[in-house]
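Undergrad: This structure is in structure tokens; I'll ask about it shortly.
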Amino acid sequence: MRRQVALAVGLLIAAAACGSGSGNENAVDSTAAPATGAPTTGAPVIAIPVTDPPVAEAETTAPSATEPGSTDAPATPVAPALAIGPASVEALIALSTPINLSHAGGDQAAPHSTMFAFREGVLAGADALEMDVQLTGDGVLIVQHDDTVDKSTNATGPVADLTLEEIQALDNAYWFSPACWPCQDRPVEEYIYRGIRTGDVEPPEGYSPNDFRVITFREAAEAFPNLVLDVEIKGSFPDAVPVAEQLAAEIAELGLTDRTIVVSFDDDLIDTFHKLAPDVAVSPGLTRLTEWFLNGTEIEPYFKVFQVPPFQGDIQVVDAETVQRVHDEGREVWVWPDDASTQENAEFYERLIDYGVDGIITGRPAAMVEALSG
């Protein structure tokens, strides 16, 4: 009984503290390989810019579309070779090896939710892309984890108070360090991509300043036309219903029904989305999963994938027994590591693979490739 109570409390804490993917706020990985950007110096700028900074032209002759309201040049499109992969959720699930889903592009290896991170994640071997979505103040669906811009950009303030133009002017790589993310107390030289977005530092070869900004959901979907998108709706019911409505509308408009799977911690919110888009794959939220783990309560058959953390506190959520239990119901297990300091590495990924999990939402996609080859 104590284990059941602890697990229930632990899952509730997970919902409050984390999104899908790595949730450790102060993880340090001294073994992380340095990325290839130029370090910059200078004190943090904690103010919201009111105009767009200088932006270099995208390095391509075939730019992707931008969202209405954005005055920026489009982000650098991804070469066709980078967009090859399982083009539907059904095909992804049918893979014979565990799925490598890059968390926000691989947030322990590149700046969270940037086009740069998603592209680098695919280059590193990701089979699919995990991302979070919410709305700007002017109603545009963007790829963004937190409800403020404080953690990753050179500004502070709620996302809901910013227009798309304002939020895309920000440096979304400002606080990324390969040794610790998110951390805002590292030596300034560790923030190796700082200033690329604002035109103060040259971008890595093949990229533009736009690849280090906040991107829209539409931009992500169009840049990777043959990859599955694992999308978490941020927020809770009923406040986040407009996010669910906009996501359902864009999935339909962009023809993404077969290649999108949607998840939320809030079961009421995921139920709202399912009513809007009944043909889009969905994963169950916290209430359903807790009842299933503790009481064996049945979950509707249209939930084909359970997305869960490996541990919560001292309680092991994912082990061989639990994975088999999910498989016995004809479902898949995708695991989102929630402690970057101990779980985002090949050794831990191998441990999950040995349990029989079907996918890992990876902060380090290259480490997952290593684990699969081990």
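Every chain in the structure tokens takes a letter, A first, then B, and so on in the order presented; its residues are numbered from 1, and the ligands are numbered from 1 following the presented order.
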Would you pick out the contacts of Gly296 (chain A) at 12 Å or less, using only C-alpha atoms, so that residues sharing its chain but fewer than 5 positions from it are not included, and give the list as an MDAnalysis selection string?
TA: chainID A and resid 4 288:291 322 325:326 329
Undergrad: Go ahead and save the residues from that selection, with C-alpha atoms, as a compact mmCIF listing (two decimals), in the first residue's frame.
TA:
```txt
# COMPACT_ATOMS: atom_id res chain seq x y z
CA GLN A 4 1.04 2.51 -4.29
CA ARG A 288 -5.42 7.19 -16.62
CA LEU A 289 -1.83 6.01 -16.21
CA THR A 290 -1.95 6.23 -12.43
CA GLU A 291 -5.17 4.23 -12.25
CA THR A 322 5.74 -3.33 -16.36
CA ARG A 325 2.27 -5.84 -18.86
CA VAL A 326 1.91 -3.03 -21.40
CA GLU A 329 -2.31 -5.26 -23.80
```
Undergrad: Give me the residues within 10 Å of Val323 (chain A) as a PyMOL selection string, counting only C-alpha atoms and dropping any in the same chain fewer than 3 places off.
TA: chain A and resi 306+317-320+326-328+331-334+352+355-358
Undergrad: Please produce a file of those selected residues containing N, CA, C and O atoms, as an mmCIF file, in the first residue's frame.
TA:
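Saved result, result-v2.cif, follows:
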```cif
data_model
loop_
_atom_site.group_PDB
_atom_site.id
_atom_site.type_symbol
_atom_site.label_atom_id
_atom_site.label_comp_id
_atom_site.auth_asym_id
_atom_site.auth_seq_id
_atom_site.Cartn_x
_atom_site.Cartn_y
_atom_site.Cartn_z
ATOM 1 N N PHE A 306 2.054 4.234 -24.307
ATOM 2 C CA PHE A 306 2.176 4.809 -22.981
ATOM 3 C C PHE A 306 3.514 5.543 -22.918
ATOM 4 O O PHE A 306 4.562 4.949 -23.184
ATOM 5 N N VAL A 317 9.289 3.012 -12.085
ATOM 6 C CA VAL A 317 8.079 2.940 -12.899
ATOM 7 C C VAL A 317 8.263 1.966 -14.054
ATOM 8 O O VAL A 317 7.356 1.207 -14.396
ATOM 9 N N VAL A 318 9.432 1.982 -14.675
ATOM 10 C CA VAL A 318 9.696 1.145 -15.842
ATOM 11 C C VAL A 318 10.650 0.018 -15.470
ATOM 12 O O VAL A 318 11.774 0.253 -15.028
ATOM 13 N N ASP A 319 10.180 -1.201 -15.630
ATOM 14 C CA ASP A 319 11.016 -2.386 -15.495
ATOM 15 C C ASP A 319 10.473 -3.433 -16.459
ATOM 16 O O ASP A 319 9.477 -3.201 -17.168
ATOM 17 N N ALA A 320 11.121 -4.581 -16.507
ATOM 18 C CA ALA A 320 10.718 -5.609 -17.464
ATOM 19 C C ALA A 320 9.285 -6.069 -17.234
ATOM 20 O O ALA A 320 8.528 -6.332 -18.181
ATOM 21 N N VAL A 326 2.386 -3.905 -20.332
ATOM 22 C CA VAL A 326 1.907 -3.026 -21.404
ATOM 23 C C VAL A 326 1.824 -3.796 -22.718
ATOM 24 O O VAL A 326 0.835 -3.700 -23.455
ATOM 25 N N HIS A 327 2.860 -4.578 -23.010
ATOM 26 C CA HIS A 327 2.879 -5.346 -24.253
ATOM 27 C C HIS A 327 1.749 -6.367 -24.300
ATOM 28 O O HIS A 327 1.191 -6.643 -25.367
ATOM 29 N N ASP A 328 1.415 -6.931 -23.167
ATOM 30 C CA ASP A 328 0.325 -7.908 -23.123
ATOM 31 C C ASP A 328 -1.010 -7.280 -23.528
ATOM 32 O O ASP A 328 -1.927 -7.987 -23.959
ATOM 33 N N ARG A 331 0.130 -2.717 -26.502
ATOM 34 C CA ARG A 331 0.524 -1.314 -26.553
ATOM 35 C C ARG A 331 2.051 -1.186 -26.517
ATOM 36 O O ARG A 331 2.762 -2.154 -26.280
ATOM 37 N N GLU A 332 2.520 0.062 -26.730
ATOM 38 C CA GLU A 332 3.940 0.374 -26.748
ATOM 39 C C GLU A 332 4.322 1.177 -25.507
ATOM 40 O O GLU A 332 3.503 1.899 -24.937
ATOM 41 N N VAL A 333 5.610 1.091 -25.123
ATOM 42 C CA VAL A 333 6.148 1.872 -24.010
ATOM 43 C C VAL A 333 7.243 2.795 -24.536
ATOM 44 O O VAL A 333 8.256 2.322 -25.039
ATOM 45 N N TRP A 334 7.004 4.105 -24.426
ATOM 46 C CA TRP A 334 8.030 5.098 -24.725
ATOM 47 C C TRP A 334 8.413 5.767 -23.413
ATOM 48 O O TRP A 334 7.563 6.203 -22.645
ATOM 49 N N LEU A 352 17.255 0.539 -20.346
ATOM 50 C CA LEU A 352 15.846 0.600 -20.745
ATOM 51 C C LEU A 352 15.566 -0.347 -21.904
ATOM 52 O O LEU A 352 14.524 -1.023 -21.943
ATOM 53 N N TYR A 355 15.025 -3.787 -20.797
ATOM 54 C CA TYR A 355 13.688 -4.007 -20.237
ATOM 55 C C TYR A 355 12.660 -4.286 -21.325
ATOM 56 O O TYR A 355 11.562 -4.756 -21.034
ATOM 57 N N GLY A 356 13.009 -3.959 -22.566
ATOM 58 C CA GLY A 356 12.096 -4.207 -23.676
ATOM 59 C C GLY A 356 11.287 -3.007 -24.117
ATOM 60 O O GLY A 356 10.292 -3.165 -24.842
ATOM 61 N N VAL A 357 11.681 -1.788 -23.694
ATOM 62 C CA VAL A 357 10.911 -0.604 -24.076
ATOM 63 C C VAL A 357 10.947 -0.432 -25.592
ATOM 64 O O VAL A 357 11.875 -0.871 -26.274
ATOM 65 N N ASP A 358 9.938 0.237 -26.103
ATOM 66 C CA ASP A 358 9.792 0.396 -27.546
ATOM 67 C C ASP A 358 10.341 1.710 -28.068
ATOM 68 O O ASP A 358 10.510 1.871 -29.286
#
```
Undergrad: What does the structure give for the distance between CA of Asp185 (chain A) and CA of Asp132 (chain A), in Å to one decimal?
TA: 25.3 Å
Undergrad: If you measure from CA of Pro182 (chain A) to CA of Gly105 (chain A), what distance in Å do you get, rounded to one decimal?
TA: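 CA of Pro182 (chain A) sits 14.8 Å away from CA of Gly105 (chain A).
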Undergrad: Choose the residue, out of A:Gly85, A:Gly374, A:Pro187, A:Pro309, that has the smallest atom-to-atom separation from Gly359 (chain A); count only C-alpha atoms.
TA: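 Of the candidates, the smallest distance to Gly359 (chain A) is held by A:Pro309.
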Undergrad: Just the residues within 7 Å of Gly125 (chain A), please, counting only C-alpha atoms, with nothing from its chain fewer than 3 positions along; format it as a ChimeraX atom specification.
TA: /A:121-122,365-366,369
Undergrad: Emit the selected residues as a JSON list (two decimals), in the first residue's frame, including N, CA, C and O atoms.
TA:
```
[["chain", "number", "residue", "atom", "x", "y", "z"],
["A", 121, "GLY", "N", 19.62, 16.65, -34.27],
["A", 121, "GLY", "CA", 19.10, 15.40, -33.75],
["A", 121, "GLY", "C", 18.85, 14.37, -34.82],
["A", 121, "GLY", "O", 19.15, 13.18, -34.65],
["A", 122, "VAL", "N", 18.31, 14.83, -35.95],
["A", 122, "VAL", "CA", 18.08, 13.92, -37.07],
["A", 122, "VAL", "C", 19.41, 13.43, -37.63],
["A", 122, "VAL", "O", 19.59, 12.25, -37.94],
["A", 365, "PRO", "N", 20.38, 12.05, -28.76],
["A", 365, "PRO", "CA", 20.08, 11.03, -29.78],
["A", 365, "PRO", "C", 21.29, 10.19, -30.20],
["A", 365, "PRO", "O", 21.15, 9.00, -30.46],
["A", 366, "ALA", "N", 22.48, 10.79, -30.25],
["A", 366, "ALA", "CA", 23.68, 10.04, -30.64],
["A", 366, "ALA", "C", 23.99, 8.95, -29.63],
["A", 366, "ALA", "O", 24.47, 7.87, -29.99],
["A", 369, "VAL", "N", 21.91, 5.93, -30.39],
["A", 369, "VAL", "CA", 22.50, 5.15, -31.49],
["A", 369, "VAL", "C", 23.61, 4.27, -30.96],
["A", 369, "VAL", "O", 23.72, 3.08, -31.32]]
```
Undergrad: Can you pull out the residues contacting region 268-285 of chain A? Cut-off 8 Å, using only C-alpha atoms, and skip same-chain residues under 5 positions away; I want them as a PyMOL selection string.
TA: chain A and resi 89+236-238+240-241+244-245+248+257-258+260-263+302-307
Undergrad: Would you put the residues from that selection into a file with C-alpha atoms, as a PDB file, in the first residue's frame?
TA:
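Here's the written file again.pdb:
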```pdb
ATOM      1  CA  VAL A  89       2.965   6.532 -36.444  1.00  0.00           C
ATOM      2  CA  SER A 236      -4.178  22.083 -18.495  1.00  0.00           C
ATOM      3  CA  PHE A 237      -7.922  21.947 -19.038  1.00  0.00           C
ATOM      4  CA  PRO A 238      -9.756  24.222 -19.671  1.00  0.00           C
ATOM      5  CA  ALA A 240      -5.202  25.080 -22.755  1.00  0.00           C
ATOM      6  CA  VAL A 241      -8.229  24.084 -24.845  1.00  0.00           C
ATOM      7  CA  ALA A 244      -5.644  21.731 -28.489  1.00  0.00           C
ATOM      8  CA  GLU A 245      -8.012  23.358 -30.968  1.00  0.00           C
ATOM      9  CA  ALA A 248      -6.006  19.843 -34.272  1.00  0.00           C
ATOM     10  CA  THR A 257      -3.030  12.953 -39.209  1.00  0.00           C
ATOM     11  CA  ASP A 258      -1.026   9.781 -39.801  1.00  0.00           C
ATOM     12  CA  THR A 260       1.437  12.809 -35.348  1.00  0.00           C
ATOM     13  CA  ILE A 261       0.930  11.415 -31.864  1.00  0.00           C
ATOM     14  CA  VAL A 262      -0.358  13.792 -29.187  1.00  0.00           C
ATOM     15  CA  VAL A 263       0.087  13.610 -25.419  1.00  0.00           C
ATOM     16  CA  TYR A 302      -7.176   3.755 -29.011  1.00  0.00           C
ATOM     17  CA  PHE A 303      -4.298   4.673 -26.668  1.00  0.00           C
ATOM     18  CA  LYS A 304      -1.551   2.671 -28.385  1.00  0.00           C
ATOM     19  CA  VAL A 305       1.486   4.218 -26.672  1.00  0.00           C
ATOM     20  CA  PHE A 306       2.176   4.809 -22.981  1.00  0.00           C
ATOM     21  CA  GLN A 307       4.717   7.606 -22.395  1.00  0.00           C
TER      22      GLN A 307
END
```
Undergrad: Can you work out the spacing between CA of Leu95 (chain A) and CA of Gln343 (chain A) in Å, to one decimal?
TA: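 Computing it gives 23.4 Å between the two atoms.
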Undergrad: Using backbone DSSP assignments, extract all strand (DSSP E or B) residues from region 128-359 of chain A; output them as a PyMOL selection string.
TA: chain A and resi 128-135+141-143+148+158+216+228-233+260-263+281-282+303+305-308+311-312+315-316+332-335+359
Undergrad: As a list in words, please: the residues near region 145-154 of chain A (cut-off 7 Å, only C-alpha atoms, same-chain neighbours under 3 positions excluded).
TA: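 Once the nearby chain positions are removed, what remains is Pro44, Val45, Ile46, Asp132, Val133, Gly157, Pro158, Val159, Leu170, Asp171, Asn172, Ala173, Tyr174, Trp175, Phe176 and Pro182 of chain A.
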Undergrad: Which neighbours of region 137-140 of chain A fall inside 7 Å, counting only C-alpha atoms, when residues of the same chain fewer than 5 positions from it are skipped, and could you give them as a list in words?
TA: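 So the residues in contact are Val159, Ala160, Asp161, Leu162, Thr163 and Leu164 of chain A.
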